[in-house]
>>> print(open('input34.cif').read())   # mmCIF, C-alpha atoms
data_query
loop_
_atom_site.label_atom_id
_atom_site.label_comp_id
_atom_site.auth_asym_id
_atom_site.auth_seq_id
_atom_site.Cartn_x
_atom_site.Cartn_y
_atom_site.Cartn_z
CA MET A 146 -39.96 68.52 114.07
CA THR A 147 -37.75 65.49 114.80
CA SER A 148 -34.54 66.03 112.82
CA LEU A 149 -32.40 69.08 113.19
CA PRO A 150 -29.66 69.36 110.59
CA LYS A 151 -27.37 71.27 112.94
CA ALA A 152 -27.29 71.79 116.67
CA GLY A 153 -28.83 75.24 116.45
CA GLU A 154 -28.96 77.66 119.32
CA PRO A 155 -32.41 79.26 119.61
CA GLY A 156 -30.75 82.67 119.45
CA GLU A 157 -29.17 81.79 116.13
CA VAL A 158 -32.47 82.37 114.37
CA ASP A 159 -32.79 85.85 115.83
CA ALA A 160 -29.36 86.96 114.80
CA ALA A 161 -28.94 85.45 111.36
CA GLY A 162 -32.48 85.01 110.10
CA PRO A 163 -33.88 81.67 108.98
CA PRO A 164 -31.26 79.04 108.17
CA ARG A 165 -30.46 78.82 104.48
CA ARG A 166 -31.85 75.94 102.54
CA THR A 167 -29.13 73.49 101.73
CA GLY A 168 -31.06 71.19 99.43
CA ARG A 169 -34.46 70.36 98.03
CA ARG A 170 -36.89 68.43 100.18
CA ARG A 171 -38.05 65.05 98.88
CA GLY A 172 -35.47 65.36 96.11
CA PRO A 173 -37.63 66.44 93.15
CA SER A 174 -35.92 66.32 89.77
CA ALA A 175 -34.53 69.36 88.01
CA THR A 176 -37.59 69.18 85.73
CA GLN A 177 -40.03 69.30 88.65
CA HIS A 178 -38.10 72.25 90.01
CA ASP A 179 -38.27 74.00 86.63
CA ILE A 180 -42.03 73.45 86.49
CA VAL A 181 -42.54 74.87 90.00
CA ALA A 182 -40.36 77.89 89.20
CA ALA A 183 -42.26 78.48 85.94
CA ALA A 184 -45.63 78.11 87.70
CA ARG A 185 -44.61 80.55 90.43
CA LYS A 186 -43.59 83.12 87.83
CA LEU A 187 -46.86 82.82 85.91
CA PHE A 188 -49.01 82.68 89.09
CA ALA A 189 -47.36 85.93 90.21
CA GLU A 190 -47.80 87.61 86.83
CA HIS A 191 -51.28 86.45 85.87
CA GLY A 192 -52.87 85.22 89.09
CA TYR A 193 -53.84 81.65 89.82
CA ARG A 194 -56.66 81.60 87.32
CA GLY A 195 -54.78 83.36 84.55
CA ALA A 196 -51.84 80.93 84.57
CA THR A 197 -52.81 78.01 82.36
CA MET A 198 -51.18 74.59 82.51
CA ARG A 199 -50.20 75.06 78.86
CA ALA A 200 -48.48 78.39 79.59
CA ILE A 201 -46.66 76.85 82.57
CA ALA A 202 -45.48 73.99 80.35
CA ALA A 203 -44.23 76.44 77.71
CA GLU A 204 -42.44 78.55 80.34
CA ALA A 205 -40.77 75.44 81.80
CA ASN A 206 -39.96 74.03 78.34
CA VAL A 207 -41.73 70.73 79.01
CA ASP A 208 -44.76 68.93 77.65
CA ALA A 209 -48.01 69.72 79.50
CA ALA A 210 -48.58 65.97 79.94
CA LEU A 211 -45.46 65.85 82.12
CA ILE A 212 -46.94 68.45 84.50
CA HIS A 213 -50.08 66.34 84.82
CA HIS A 214 -47.87 63.30 85.44
CA PHE A 215 -45.94 64.98 88.26
CA PHE A 216 -48.64 67.18 89.85
CA THR A 217 -52.02 65.81 88.63
CA SER A 218 -53.72 69.24 88.48
CA LYS A 219 -53.14 72.98 88.74
CA GLU A 220 -54.02 72.71 92.43
CA GLY A 221 -51.16 70.22 92.69
CA VAL A 222 -48.74 72.62 90.99
CA PHE A 223 -49.86 75.42 93.30
CA ALA A 224 -49.43 73.22 96.38
CA ALA A 225 -45.87 72.43 95.27
CA ALA A 226 -45.12 76.12 94.63
CA MET A 227 -46.54 76.98 98.05
CA GLU A 228 -44.56 74.29 99.86
CA ASP A 229 -41.44 75.43 98.04
CA ALA A 230 -41.98 79.05 99.13
CA PHE A 231 -42.17 78.27 102.84
CA PRO A 232 -39.32 77.19 105.06
CA PRO A 233 -38.86 73.47 105.59
CA PRO A 234 -40.06 71.91 108.87
CA ASP A 235 -36.56 71.78 110.36
CA ALA A 236 -36.33 75.58 110.08
CA ILE A 237 -39.54 75.89 112.10
CA ALA A 238 -38.07 73.53 114.68
CA HIS A 239 -35.46 76.21 115.33
CA VAL A 240 -38.25 78.62 116.31
CA VAL A 241 -39.83 76.18 118.74
CA VAL A 242 -36.58 75.12 120.41
CA GLY A 243 -36.39 76.98 123.69
CA GLY A 244 -40.10 76.65 124.50
CA LEU A 245 -42.54 79.41 125.30
CA ASP A 246 -39.91 81.74 126.71
CA GLY A 247 -39.07 84.17 123.90
CA LEU A 248 -41.14 82.18 121.38
CA ALA A 249 -43.12 85.20 120.17
CA GLU A 250 -39.94 87.13 119.39
CA ARG A 251 -38.26 84.17 117.67
CA LEU A 252 -41.40 83.66 115.57
CA VAL A 253 -41.74 87.33 114.58
CA ARG A 254 -38.02 87.62 113.75
CA PHE A 255 -38.11 84.39 111.76
CA PHE A 256 -41.12 85.63 109.78
CA LEU A 257 -39.52 89.03 109.15
CA GLY A 258 -36.29 87.27 108.11
CA LEU A 259 -38.16 85.36 105.39
CA TRP A 260 -39.65 88.57 104.00
CA GLU A 261 -36.52 90.72 104.31
CA ARG A 262 -34.34 88.39 102.20
CA PRO A 263 -35.01 88.79 98.45
CA ASP A 264 -34.49 85.07 97.68
CA THR A 265 -37.18 84.00 100.16
CA ARG A 266 -39.43 87.05 99.68
CA GLU A 267 -39.98 86.54 95.93
CA PRO A 268 -41.59 83.06 96.21
CA LEU A 269 -43.73 84.21 99.17
CA LEU A 270 -44.96 87.25 97.23
CA ALA A 271 -45.75 85.00 94.27
CA VAL A 272 -47.91 82.52 96.21
CA MET A 273 -49.57 85.31 98.19
CA ARG A 274 -50.46 87.25 95.04
CA SER A 275 -51.80 84.20 93.24
CA ALA A 276 -53.71 82.99 96.29
CA VAL A 277 -55.62 86.16 96.97
CA SER A 278 -57.02 86.27 93.44
CA TYR A 279 -58.59 82.84 93.67
CA ASP A 280 -60.62 81.37 96.52
CA GLU A 281 -59.41 77.80 96.27
CA ALA A 282 -55.76 78.85 96.22
CA ALA A 283 -56.40 81.26 99.11
CA ARG A 284 -57.98 78.46 101.12
CA MET A 285 -55.00 76.17 100.44
CA LEU A 286 -52.56 78.91 101.48
CA GLY A 287 -54.55 79.80 104.62
CA GLU A 288 -54.72 76.21 105.75
CA PHE A 289 -51.06 75.66 105.02
CA VAL A 290 -49.90 78.71 106.96
CA THR A 291 -52.20 78.45 109.97
CA GLY A 292 -52.35 74.65 110.04
CA ARG A 293 -49.01 73.25 109.01
CA ILE A 294 -46.78 76.14 110.06
CA LEU A 295 -48.36 78.12 112.89
CA GLY A 296 -50.44 75.15 114.06
CA THR A 297 -47.25 73.14 114.46
CA ILE A 298 -45.93 75.87 116.73
CA THR A 299 -49.05 76.40 118.86
CA ALA A 300 -49.46 72.63 119.25
CA THR A 301 -46.16 72.48 121.15
CA ILE A 302 -46.97 75.02 123.88
CA GLU A 303 -49.73 73.20 125.74
CA GLN A 304 -52.24 76.04 125.85
CA PRO A 305 -55.98 75.67 125.20
CA ASP A 306 -57.41 76.46 121.72
CA PRO A 307 -54.15 75.98 119.75
CA GLU A 308 -55.95 76.31 116.38
CA LEU A 309 -57.57 79.63 117.36
CA ARG A 310 -54.17 80.92 118.54
CA ALA A 311 -52.57 79.87 115.25
CA ALA A 312 -55.31 81.61 113.25
CA LEU A 313 -54.98 84.83 115.31
CA ILE A 314 -51.19 84.88 114.89
CA GLY A 315 -51.74 84.16 111.19
CA SER A 316 -54.12 87.12 110.93
CA GLN A 317 -51.47 89.51 112.31
CA LEU A 318 -48.58 88.09 110.28
CA VAL A 319 -50.50 87.85 106.98
CA GLY A 320 -51.76 91.40 107.51
CA LEU A 321 -48.25 92.63 108.23
CA ALA A 322 -46.98 90.98 105.04
CA MET A 323 -49.77 92.65 103.07
CA ILE A 324 -49.27 96.15 104.51
CA ARG A 325 -45.46 96.17 104.80
CA TYR A 326 -44.28 94.05 101.88
CA VAL A 327 -47.09 93.77 99.29
CA ILE A 328 -48.89 97.14 99.50
CA LYS A 329 -45.89 98.87 101.12
CA VAL A 330 -47.79 101.36 103.29
CA GLU A 331 -45.53 103.94 104.89
CA PRO A 332 -44.15 104.41 107.48
CA LEU A 333 -44.53 100.67 108.23
CA ALA A 334 -42.91 99.63 104.93
CA SER A 335 -39.62 101.28 105.83
CA ALA A 336 -39.75 100.90 109.62
CA SER A 337 -36.76 99.01 111.06
CA THR A 338 -37.28 95.34 111.85
CA ASP A 339 -36.60 96.20 115.50
CA THR A 340 -39.54 98.64 115.49
CA VAL A 341 -41.78 95.97 113.95
CA VAL A 342 -40.54 93.46 116.51
CA ALA A 343 -41.26 95.91 119.34
CA ALA A 344 -44.79 96.44 117.98
CA LEU A 345 -45.72 92.86 117.11
CA VAL A 346 -44.05 90.67 119.74
CA PRO A 347 -46.47 91.59 122.58
CA THR A 348 -49.37 90.92 120.18
CA VAL A 349 -48.10 87.48 119.17
CA ASP A 350 -47.17 86.70 122.77
CA ARG A 351 -50.73 87.43 123.89
CA TYR A 352 -52.17 85.32 121.04
CA LEU A 353 -49.90 82.47 122.21
CA THR A 354 -50.80 82.61 125.89
CA GLY A 355 -53.69 85.02 126.52
CA SER A 356 -57.35 84.28 127.22
CA PHE A 357 -60.00 85.27 124.69
CA HIS A 358 -63.11 84.40 126.61
CA PRO A 359 -65.43 87.39 126.26
CA THR A 360 -65.85 89.27 129.51
CA ARG A 361 -69.40 90.37 128.74
CA SER A 362 -72.09 87.69 128.79
CA MET B 263 -65.71 114.64 110.76
CA THR B 264 -67.69 117.83 111.27
CA SER B 265 -71.29 116.88 110.52
CA LEU B 266 -73.09 114.14 112.41
CA PRO B 267 -76.49 113.26 110.96
CA LYS B 268 -77.87 112.26 114.36
CA ALA B 269 -76.79 112.89 117.91
CA GLY B 270 -75.21 109.45 118.28
CA GLU B 271 -74.17 107.97 121.57
CA PRO B 272 -70.75 106.36 121.27
CA GLY B 273 -72.18 103.12 122.58
CA GLU B 274 -74.71 103.02 119.78
CA VAL B 275 -72.08 101.74 117.37
CA ASP B 276 -71.27 98.79 119.64
CA ALA B 277 -74.82 97.66 119.97
CA ALA B 278 -76.21 98.14 116.50
CA GLY B 279 -73.16 98.03 114.23
CA PRO B 280 -72.30 100.81 111.83
CA PRO B 281 -75.18 103.18 111.05
CA ARG B 282 -77.04 102.25 107.85
CA ARG B 283 -76.39 104.33 104.81
CA THR B 284 -79.33 106.51 104.09
CA GLY B 285 -78.19 108.07 100.82
CA ARG B 286 -75.38 108.31 98.34
CA ARG B 287 -72.57 110.69 99.03
CA ARG B 288 -71.96 113.50 96.55
CA GLY B 289 -75.21 112.51 94.87
CA PRO B 290 -73.94 110.51 91.86
CA SER B 291 -76.52 109.72 89.21
CA ALA B 292 -78.23 106.36 88.89
CA THR B 293 -75.96 105.73 85.89
CA GLN B 294 -72.79 106.37 87.88
CA HIS B 295 -74.12 104.07 90.55
CA ASP B 296 -74.82 101.37 87.93
CA ILE B 297 -71.29 101.71 86.57
CA VAL B 298 -69.74 101.38 90.03
CA ALA B 299 -71.90 98.33 90.83
CA ALA B 300 -70.99 96.72 87.49
CA ALA B 301 -67.30 97.45 88.01
CA ARG B 302 -67.38 95.99 91.51
CA LYS B 303 -68.97 92.80 90.20
CA LEU B 304 -66.39 92.38 87.42
CA PHE B 305 -63.44 93.35 89.64
CA ALA B 306 -64.55 90.66 92.10
CA GLU B 307 -65.01 88.06 89.38
CA HIS B 308 -62.01 88.75 87.16
CA GLY B 309 -59.63 90.80 89.28
CA TYR B 310 -58.65 94.37 88.63
CA ARG B 311 -56.66 93.58 85.53
CA GLY B 312 -59.20 91.15 84.04
CA ALA B 313 -62.12 93.59 84.21
CA THR B 314 -61.93 95.69 81.04
CA MET B 315 -63.63 99.06 80.65
CA ARG B 316 -65.58 97.59 77.74
CA ALA B 317 -66.87 94.69 79.88
CA ILE B 318 -67.83 97.11 82.67
CA ALA B 319 -69.74 99.23 80.13
CA ALA B 320 -71.57 96.16 78.81
CA GLU B 321 -72.44 95.00 82.34
CA ALA B 322 -73.77 98.46 83.23
CA ASN B 323 -75.58 98.81 79.90
CA VAL B 324 -73.86 102.08 79.04
CA ASP B 325 -71.44 103.26 76.40
CA ALA B 326 -67.76 102.93 77.37
CA ALA B 327 -67.27 106.62 76.50
CA LEU B 328 -69.64 107.50 79.35
CA ILE B 329 -67.41 105.67 81.85
CA HIS B 330 -64.42 107.65 80.61
CA HIS B 331 -66.49 110.81 80.90
CA PHE B 332 -67.46 110.14 84.53
CA PHE B 333 -64.33 108.42 85.87
CA THR B 334 -61.49 109.23 83.39
CA SER B 335 -59.73 105.86 83.80
CA LYS B 336 -60.03 102.37 85.28
CA GLU B 337 -58.15 103.69 88.33
CA GLY B 338 -60.94 106.25 88.65
CA VAL B 339 -63.62 103.55 88.50
CA PHE B 340 -61.76 101.51 91.11
CA ALA B 341 -61.38 104.53 93.39
CA ALA B 342 -65.15 105.10 93.16
CA ALA B 343 -65.88 101.43 93.90
CA MET B 344 -63.52 101.55 96.87
CA GLU B 345 -65.01 104.74 98.28
CA ASP B 346 -68.46 103.24 97.85
CA ALA B 347 -67.46 100.08 99.75
CA PHE B 348 -66.25 101.90 102.84
CA PRO B 349 -68.38 103.74 105.35
CA PRO B 350 -68.83 107.47 104.87
CA PRO B 351 -66.81 109.87 107.06
CA ASP B 352 -69.73 110.59 109.39
CA ALA B 353 -69.88 106.88 110.32
CA ILE B 354 -66.22 107.04 111.31
CA ALA B 355 -66.97 110.11 113.38
CA HIS B 356 -69.18 107.86 115.53
CA VAL B 357 -66.14 105.71 116.32
CA VAL B 358 -64.03 108.68 117.36
CA VAL B 359 -66.70 110.33 119.50
CA GLY B 360 -65.87 109.56 123.13
CA GLY B 361 -62.10 109.87 122.68
CA LEU B 362 -59.43 107.36 123.54
CA ASP B 363 -61.45 105.67 126.26
CA GLY B 364 -62.96 102.58 124.65
CA LEU B 365 -61.79 103.65 121.18
CA ALA B 366 -60.11 100.32 120.40
CA GLU B 367 -63.31 98.39 121.15
CA ARG B 368 -65.51 100.81 119.19
CA LEU B 369 -63.12 100.53 116.24
CA VAL B 370 -62.94 96.72 116.30
CA ARG B 371 -66.72 96.36 116.69
CA PHE B 372 -67.32 98.87 113.91
CA PHE B 373 -64.97 96.96 111.60
CA LEU B 374 -66.54 93.60 112.48
CA GLY B 375 -69.99 95.10 111.94
CA LEU B 376 -69.06 96.06 108.37
CA TRP B 377 -67.88 92.52 107.61
CA GLU B 378 -70.72 90.71 109.40
CA ARG B 379 -73.50 92.40 107.43
CA PRO B 380 -73.89 90.91 103.93
CA ASP B 381 -74.77 94.25 102.28
CA THR B 382 -71.54 95.88 103.47
CA ARG B 383 -69.39 92.72 103.28
CA GLU B 384 -69.94 92.10 99.57
CA PRO B 385 -68.49 95.43 98.35
CA LEU B 386 -65.54 95.10 100.78
CA LEU B 387 -64.79 91.59 99.55
CA ALA B 388 -64.96 92.82 95.96
CA VAL B 389 -62.45 95.66 96.40
CA MET B 390 -60.17 93.51 98.54
CA ARG B 391 -60.12 90.70 95.97
CA SER B 392 -59.50 93.04 93.05
CA ALA B 393 -56.87 95.00 94.92
CA VAL B 394 -54.68 92.10 95.92
CA SER B 395 -54.36 90.90 92.34
CA TYR B 396 -52.93 94.18 91.10
CA ASP B 397 -50.23 96.30 92.68
CA GLU B 398 -51.63 99.70 91.75
CA ALA B 399 -55.10 98.84 93.08
CA ALA B 400 -53.55 97.36 96.23
CA ARG B 401 -51.59 100.55 96.80
CA MET B 402 -54.74 102.66 96.35
CA LEU B 403 -56.66 100.46 98.81
CA GLY B 404 -53.83 100.42 101.36
CA GLU B 405 -53.48 104.18 101.30
CA PHE B 406 -57.22 104.68 101.52
CA VAL B 407 -57.66 102.36 104.52
CA THR B 408 -54.60 103.38 106.52
CA GLY B 409 -54.59 107.02 105.43
CA ARG B 410 -58.14 108.21 105.04
CA ILE B 411 -59.88 105.88 107.48
CA LEU B 412 -57.46 104.73 110.18
CA GLY B 413 -55.27 107.81 109.78
CA THR B 414 -58.29 110.00 110.48
CA ILE B 415 -58.79 108.12 113.72
CA THR B 416 -55.17 108.10 114.91
CA ALA B 417 -54.84 111.80 114.05
CA THR B 418 -57.45 112.64 116.69
CA ILE B 419 -55.81 110.97 119.69
CA GLU B 420 -52.71 113.14 120.07
CA GLN B 421 -50.18 110.35 120.30
CA PRO B 422 -46.78 110.35 118.54
CA ASP B 423 -46.39 108.51 115.20
CA PRO B 424 -50.07 108.54 114.16
CA GLU B 425 -49.29 107.14 110.66
CA LEU B 426 -47.33 104.20 112.09
CA ARG B 427 -50.19 103.46 114.50
CA ALA B 428 -52.70 103.57 111.65
CA ALA B 429 -50.57 101.18 109.56
CA LEU B 430 -50.16 98.74 112.47
CA ILE B 431 -53.90 98.73 113.18
CA GLY B 432 -54.46 98.30 109.45
CA SER B 433 -52.13 95.29 109.40
CA GLN B 434 -54.17 93.54 112.10
CA LEU B 435 -57.58 94.43 110.65
CA VAL B 436 -56.67 93.60 107.02
CA GLY B 437 -55.16 90.30 108.20
CA LEU B 438 -58.29 89.50 110.20
CA ALA B 439 -60.47 90.20 107.16
CA MET B 440 -58.30 87.89 105.05
CA ILE B 441 -58.20 85.00 107.53
CA ARG B 442 -61.76 85.24 108.89
CA TYR B 443 -63.83 86.49 105.93
CA VAL B 444 -61.89 85.87 102.70
CA ILE B 445 -59.96 82.62 103.36
CA LYS B 446 -62.30 81.54 106.21
CA VAL B 447 -59.74 79.74 108.37
CA GLU B 448 -61.34 77.86 111.23
CA PRO B 449 -61.91 78.22 114.13
CA LEU B 450 -61.50 81.97 113.61
CA ALA B 451 -64.02 82.08 110.75
CA SER B 452 -66.86 80.90 112.99
CA ALA B 453 -65.66 82.37 116.31
CA SER B 454 -68.19 84.75 117.91
CA THR B 455 -67.62 88.45 117.40
CA ASP B 456 -67.19 88.74 121.19
CA THR B 457 -64.29 86.28 121.06
CA VAL B 458 -62.69 88.27 118.23
CA VAL B 459 -63.26 91.48 120.20
CA ALA B 460 -61.65 89.94 123.30
CA ALA B 461 -58.65 88.87 121.20
CA LEU B 462 -58.16 91.99 119.11
CA VAL B 463 -59.10 94.93 121.33
CA PRO B 464 -55.94 94.78 123.50
CA THR B 465 -53.87 94.60 120.30
CA VAL B 466 -55.53 97.63 118.73
CA ASP B 467 -55.43 99.47 122.05
CA ARG B 468 -51.67 98.95 122.26
CA TYR B 469 -51.19 100.07 118.65
CA LEU B 470 -53.15 103.24 119.54
CA THR B 471 -51.25 104.13 122.68
CA GLY B 472 -48.18 101.88 123.14
CA SER B 473 -44.53 102.66 122.51
CA PHE B 474 -42.66 100.83 119.74
CA HIS B 475 -39.19 102.11 120.32
CA PRO B 476 -36.96 99.07 120.25
CA THR B 477 -35.57 98.18 123.67
CA ARG B 478 -32.36 96.77 122.28
CA SER B 479 -29.84 99.22 120.80
#
>>> encode(input="input34.cif", output="structure tokens")
Amino acid sequence: MTSLPKAGEPGEVDAAGPPRRTGRRRGPSATQHDIVAAARKLFAEHGYRGATMRAIAAEANVDAALIHHFFTSKEGVFAAAMEDAFPPPDAIAHVVVGGLDGLAERLVRFFLGLWERPDTREPLLAVMRSAVSYDEAARMLGEFVTGRILGTITATIEQPDPELRAALIGSQLVGLAMIRYVIKVEPLASASTDTVVAALVPTVDRYLTGSFHPTRS
Amino acid sequence: MTSLPKAGEPGEVDAAGPPRRTGRRRGPSATQHDIVAAARKLFAEHGYRGATMRAIAAEANVDAALIHHFFTSKEGVFAAAMEDAFPPPDAIAHVVVGGLDGLAERLVRFFLGLWERPDTREPLLAVMRSAVSYDEAARMLGEFVTGRILGTITATIEQPDPELRAALIGSQLVGLAMIRYVIKVEPLASASTDTVVAALVPTVDRYLTGSFHPTRS
């Protein structure tokens, strides 16, 4: 949240989608990158459980011992694939810049931007598909999305229950990804992004700022 | 939608959850029921792709040829498991009775009721887990939920774009099931049903009756 690579206008995100990645975070080697790409491919094709460390090693053309050296375990490989599929923290900073005013729309448009662009959609689809077939991977993905991504956003707005707000926003956005991009249910799959924005922004806005205390005893 | 087994008050659903199933629809034989139960178990454990017809036959203690006879294909077995996991049409009729007034709350409470009760949650978890690991099963599940269940509801309320409304409601409810019941993200996983109702009912209500025409050109 502290370093912004460019002086970005908040509106920039809306118009152009998420900023392009200009480099790898934490500078992993080409080999590490190959392993993550191979893992993502096999996770997507065979699910988390079906993708063995040995098959990932073969796909990446490396020795399995090297994967253990870099990532310790399959969970470690999955965590790296997951982190690689989501935008870096400085991209999320662009969403938060500008404060609560218009935040819901910036967030929804940012999320849609990730899924509309083939180069960012493919890794997201891969981690989502592998996660839902295996509890531990699903838990890691859920905590990553609601905690590290949405939690970072709701923590900045000084409203009560930031974790509940993050989880509610996560429930709508994960469900949208499932219905529109994974299962492709019509007419939502081919609705314009502006229609989706018109439908979802008031929902996300209420999850950011509304009150959820039950009215009945 | 035409036959109601009892004269149900609309409010009955809110208080007691979905009505209990008192019999099997279409009267399948005990063997068919065994096959569906075995398939559900293996789909949940190994995903749609991992559960072979031969393994389902072994689990159900029947000859594989009998499964082909009853269900034609694995898709057919999955369709039967899916239909079995969801409430029968007359239960959905209880949600619709009473019209648009309070419909969003009846629908959300009905959905939560299905997931809160272990005997109805387990089959739902099984079909959801198997579906998300395989595109064809996911498509079948998505079309069943948004078309046959939610579509039935939105078709009754005489609003424009009933299919889009059904898909939007589906996106929120499927996402809630993922985050609260499958991935179990806190604090949403242990939030009271009344808190979830307070959060989700205005969302579902707006998807039932709101306008999603983009305000910008």
>>> closest_residue(input="input34.cif", among="A:Ala283, A:Ala205, A:Val290, A:Val346", to="chain B", atoms="all atoms listed in the file")
A:Ala283
>>> closest_residue(input="input34.cif", among="A:Ile298, A:Ile328, A:Ala344, A:Leu252", to="Ala311 of chain A", atoms="only C-alpha atoms")
A:Ile298
>>> atom_distance(input="input34.cif", atom1="atom CA of Gly258 of chain A", atom2="atom CA of Val349 of chain A")
16.2 Å
>>> resolve_selection(input="input34.cif", expression="the PyMOL selection byres ((chain B) within 6 of (chain A))", output="number ranges by chain")
B: 391, 395, 400-401, 426, 433-434, 436-438, 441, 445, 449-450, 456-457, 460-461, 465, 474-476
>>> axis_aligned_box(input="input34.cif", around="segment 327-342 of chain B", padding_each_side="8 Å", output="lines of an AutoDock Vina configuration file")
center_x = -63.9
center_y = 106.2
center_z = 84.9
size_x = 27.5
size_y = 25.3
size_z = 32.9
>>> resolve_selection(input="input34.cif", expression="the PyMOL selection byres ((chain A and resi 213-226) around 8)", output="VMD selection string")
chain A and resid 177 181 to 182 184 to 185 198 209 to 212 227 to 230 268 272 282 285
>>> atom_distance(input="input34.cif", atom1="atom CA of Ala320 of chain B", atom2="atom CA of Thr293 of chain B")
12.7 Å
>>> atom_distance(input="input34.cif", atom1="atom CA of Phe348 of chain B", atom2="atom CA of Tyr443 of chain B")
15.9 Å
>>> decode(input="input34.cif", residues="segment 335-352 of chain B", atoms="C-alpha atoms", output="PDB file, in the first residue's frame")
ATOM      1  CA  SER B 335     -24.153 -41.933 -18.958  1.00  0.00           C
ATOM      2  CA  LYS B 336     -22.139 -40.325 -16.164  1.00  0.00           C
ATOM      3  CA  GLU B 337     -23.820 -37.027 -17.085  1.00  0.00           C
ATOM      4  CA  GLY B 338     -27.117 -38.789 -16.411  1.00  0.00           C
ATOM      5  CA  VAL B 339     -25.936 -39.986 -12.998  1.00  0.00           C
ATOM      6  CA  PHE B 340     -24.741 -36.482 -12.150  1.00  0.00           C
ATOM      7  CA  ALA B 341     -28.045 -34.947 -13.257  1.00  0.00           C
ATOM      8  CA  ALA B 342     -29.879 -37.378 -10.959  1.00  0.00           C
ATOM      9  CA  ALA B 343     -27.550 -36.577  -8.038  1.00  0.00           C
ATOM     10  CA  MET B 344     -28.056 -32.863  -8.652  1.00  0.00           C
ATOM     11  CA  GLU B 345     -31.829 -33.125  -8.855  1.00  0.00           C
ATOM     12  CA  ASP B 346     -31.796 -35.180  -5.672  1.00  0.00           C
ATOM     13  CA  ALA B 347     -29.714 -32.549  -3.841  1.00  0.00           C
ATOM     14  CA  PHE B 348     -32.089 -29.685  -4.541  1.00  0.00           C
ATOM     15  CA  PRO B 349     -35.527 -29.198  -3.083  1.00  0.00           C
ATOM     16  CA  PRO B 350     -38.483 -30.472  -5.078  1.00  0.00           C
ATOM     17  CA  PRO B 351     -40.595 -27.959  -7.052  1.00  0.00           C
ATOM     18  CA  ASP B 352     -43.369 -27.878  -4.452  1.00  0.00           C
TER      19      ASP B 352
END
